[in-house]
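Heads up, the thing below is written out as structure tokens.
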Amino acid sequence: MKRLFISLYLLLSLSVLGIGWTLDSLWQKNVDDNNALDAPLVALAQLLAELPPDTRQRYLEAIPANPVMPLQLLSADQVALADNQALSTSTVFTTTTNDDNLLQFIRVGDQVLMAGPLDIDPRANLRSLFTLFFYLSLALVALIWVGPLSRDLSILRKATKEFGEAKWDTRITLSNRSQVKPLANTFNEMARHISALIENQKHLSNAVSHEIRTPLARLKFALALMPMYCQPDSDEQKRQDFLDEMQLDIKEMEDLLQELLTYASLESQREGIQLDEYDLINLINQSIKRLETLSPTPITLKTEVEKLPLFGEPALIERALQNLLTNAQRFARTEIIIEVKQTQHRVNLSVSNDGEPIPAVDLPKVFEPFYRSQSVQNGNKGHGLGLAIIKRIMQRHQGNVSVTSDEQHTRFNLIWPKKRKL
């Protein structure tokens with residue numbers, strides 16, 4: 001808004017000064033020259049004043065007649081003036097007749113030299129025309145600036161109204177030259193953020209209604225059967241199996257709630273967080289050691305460096321890596337490969353496996369929360385939050401995650417800068 005005010009102030013100020021100065025200069029050069037027009041009449045009057053009164057008329061008649069400017073000598077009592085008016089020998093007195101003609105008078109001794117009647121100079125009307133043109137020019141300049149601004153503000157108002165009517169996909173498109181372009185960009189960023197929040201709320205609602213409903217229904221059914229398994233003559237092993245199944249249902253709900261909390265905690269990009277130094281290679285080796293006992297599929301690390309010190313949130317990076325490894329363990333046939341590469345400014349960590357490929361129709365959606373492919377049967381037991389959490393972890397580290405899949409390998413790539421911008 002400061003830019004808006006300064007531009008408006010400078011534009012109007014410079015326009016007023018420029019147009020006013022130009023028109024005033026033109027007026028002074030071309031119109032406002034009455035003194036120069038009166039000079040010949042003053043000179044003639046002074047010349048006649050040097051002559052005797054009886055020869056002035058003959059001298060005046062000797063001058064060739066000019067129908068544009070007729071001249072007459074009158075006695076002083078023939079000219080009626082107001083009480084506060086008097087004729088001078090050096091100044092021309094001008095008056096207007098009823099028929100819009102001019103009469104000019106100047107004293108010549110005890111006589112009066114009259115010029116006229118004269119047609120009014122048409123240029124005299126130019127002053128009002130110049131004044132009108134001046135204000136019209138100002139109005140045009142203001143319109144040139146205010147018109148597009150008013151149109152853009154109208155677009156902003158309309159978009160705000162539509163967004164208030166729950167049209168979450170409303171966005172504003174303005175020209176790069178628009179004075180309110182930064183405001184439109186801010187609105188679009190806000191709209192995208194609010195839309196994402198609302199979409200996440202929908203996902204969370206779906207998770208509560210679908211993901212928790214199934215284990216909760218099983219628990220309610222188990223509670224209804226509990227008296228039958230608690231009879232003195234009931235089989236102890238069956239009772240224990242029954243209780244174990246209830247524990248699994250409880251654990252399933254606990255895991256889902258934990259995933260929901262983790263996903264929600266990564267929603268905002270927190271500013272001013274404490275970054276820790278960690279060794280990425282050491283972190284990967286620790287994750288491999290922790291997870292390799294959970295599956296017979298070997299995990300191989302391929303890297304050209306023994307250490308890779310970085311600054312960031314190592315707990316989140318480790319969480320992203322573990323999510324990728326546990327997914328790979330569910331689908332891999334013979335091997336899981338972790339590769340680490342680096343450039344001058346970025347780190348690339350990839351996890352690949354040789355399991356069943358992800359269908360092409362699912363690739364664009366695998367990072368959406370609660371999305372699970374219907375075509376994948378093996379190991380499809382998660383809640384659909386693991387990859388969504390990885391995406392948010394990468395966004396938190398100002399990086400990104402991508403996936404490629406074919407008949408040979410499915411590879412997930414994590415790319416983020418070595419130095420996170422605070």
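The chains in the structure tokens are called A, B, ... from first to last as shown; in each chain the residues are counted from 1, and the ligands are counted from 1 in the order shown.
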Discussion item. Which of range 334-397 of chain A end up as alpha helix (DSSP H) when DSSP is run on this backbone - answer as a PyMOL selection string?
Written reply: chain A and resi 386-396
Export of the given selection (C-alpha atoms) as a short mmCIF file (atom, residue, chain, number, x, y, z; two decimals), in the first residue's frame:
```cif
data_model
loop_
_atom_site.label_atom_id
_atom_site.label_comp_id
_atom_site.auth_asym_id
_atom_site.auth_seq_id
_atom_site.Cartn_x
_atom_site.Cartn_y
_atom_site.Cartn_z
CA GLY A 386 3.38 -42.78 5.58
CA LEU A 387 4.20 -41.19 2.21
CA ALA A 388 2.16 -38.07 3.04
CA ILE A 389 4.31 -37.63 6.17
CA ILE A 390 7.46 -37.99 4.05
CA LYS A 391 6.21 -35.27 1.72
CA ARG A 392 5.62 -32.90 4.62
CA ILE A 393 9.02 -33.68 6.11
CA MET A 394 10.65 -32.75 2.80
CA GLN A 395 8.59 -29.56 2.57
CA ARG A 396 9.71 -28.73 6.10
#
```
Discussion item. Need to verify the contact set: Asn185 in chain A, 10 Å, only C-alpha atoms, exclusion of same-chain residues closer than 6 positions in sequence. Can you return it as a PyMOL selection string?
Written reply: chain A and resi 171-174+191
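Among the candidates A:Gln237, A:Ser295, A:Thr303, A:Gln344, the one nearest to Asn327 in chain A when counting only C-alpha atoms is A:Ser295.
Ranking A:Leu257, A:Ala184, A:Ile317, A:Ala328 by their shortest atom-to-atom distance to Leu349 in chain A, with only C-alpha atoms included, puts A:Ile317 first.
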Practice prompt. May I have all residues of range 114-347 of chain A that DSSP, computed from the backbone, assigns to strand (DSSP E or B), given as a PyMOL selection string?
Written response: chain A and resi 114-119+276-279+299-303+309-312+336-342+346-347
Worksheet item: Which residues, written as a PyMOL selection string, have at least one atom at most 8 Å from Leu103 in chain A, with only C-alpha atoms counted and residues fewer than 4 positions away on the same chain left out?
Response: chain A and resi 94-97+114-118
How about saving the chosen residues, all heavy atoms kept, as a tab-separated table (two decimals), in the first residue's frame?
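Written output follows (again_20.tsv):
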```
chain	number	residue	atom	x	y	z
A	94	THR	N	-10.45	50.67	-21.45
A	94	THR	CA	-11.23	49.82	-22.36
A	94	THR	C	-12.57	49.49	-21.73
A	94	THR	O	-12.65	49.15	-20.54
A	94	THR	CB	-10.47	48.51	-22.67
A	94	THR	OG1	-9.18	48.82	-23.20
A	94	THR	CG2	-11.24	47.66	-23.67
A	95	THR	N	-13.62	49.57	-22.52
A	95	THR	CA	-14.95	49.22	-22.07
A	95	THR	C	-15.66	48.43	-23.15
A	95	THR	O	-15.24	48.42	-24.32
A	95	THR	CB	-15.77	50.48	-21.71
A	95	THR	OG1	-17.03	50.07	-21.17
A	95	THR	CG2	-16.03	51.33	-22.96
A	96	THR	N	-16.74	47.74	-22.78
A	96	THR	CA	-17.49	46.89	-23.71
A	96	THR	C	-18.87	47.50	-23.93
A	96	THR	O	-19.54	47.90	-22.97
A	96	THR	CB	-17.64	45.47	-23.14
A	96	THR	OG1	-16.34	44.95	-22.84
A	96	THR	CG2	-18.30	44.56	-24.15
A	97	THR	N	-19.30	47.52	-25.19
A	97	THR	CA	-20.62	48.05	-25.53
A	97	THR	C	-21.66	46.95	-25.41
A	97	THR	O	-21.35	45.76	-25.20
A	97	THR	CB	-20.61	48.60	-26.97
A	97	THR	OG1	-20.37	47.52	-27.88
A	97	THR	CG2	-19.53	49.66	-27.13
A	114	MET	N	-10.68	58.31	-29.06
A	114	MET	CA	-11.47	57.08	-28.95
A	114	MET	C	-11.16	56.16	-30.13
A	114	MET	O	-11.17	56.62	-31.29
A	114	MET	CB	-12.96	57.39	-28.92
A	114	MET	CG	-13.82	56.12	-28.74
A	114	MET	SD	-15.60	56.44	-28.85
A	114	MET	CE	-15.79	56.71	-30.60
A	115	ALA	N	-10.87	54.89	-29.85
A	115	ALA	CA	-10.68	53.86	-30.87
A	115	ALA	C	-11.83	52.88	-30.76
A	115	ALA	O	-12.10	52.32	-29.70
A	115	ALA	CB	-9.35	53.15	-30.68
A	116	GLY	N	-12.51	52.71	-31.89
A	116	GLY	CA	-13.60	51.75	-31.85
A	116	GLY	C	-14.83	52.26	-32.54
A	116	GLY	O	-14.84	53.35	-33.09
A	117	PRO	N	-15.86	51.46	-32.57
A	117	PRO	CA	-15.94	50.14	-31.88
A	117	PRO	C	-15.09	49.07	-32.55
A	117	PRO	O	-14.97	49.03	-33.76
A	117	PRO	CB	-17.42	49.80	-31.94
A	117	PRO	CG	-17.91	50.52	-33.16
A	117	PRO	CD	-17.11	51.78	-33.28
A	118	LEU	N	-14.51	48.19	-31.69
A	118	LEU	CA	-13.63	47.12	-32.16
A	118	LEU	C	-14.27	45.77	-31.86
A	118	LEU	O	-14.94	45.59	-30.83
A	118	LEU	CB	-12.26	47.21	-31.45
A	118	LEU	CG	-11.51	48.55	-31.51
A	118	LEU	CD1	-10.28	48.48	-30.63
A	118	LEU	CD2	-11.11	48.86	-32.94
```
Worksheet item: Restricting the calculation to only C-alpha atoms, which member of A:Thr404, A:Gln78, A:Thr186, A:Ser350 is positioned closest to Ile337 in chain A?
Response: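 Using only C-alpha atoms, Ile337 in chain A sits closest to A:Ser350.
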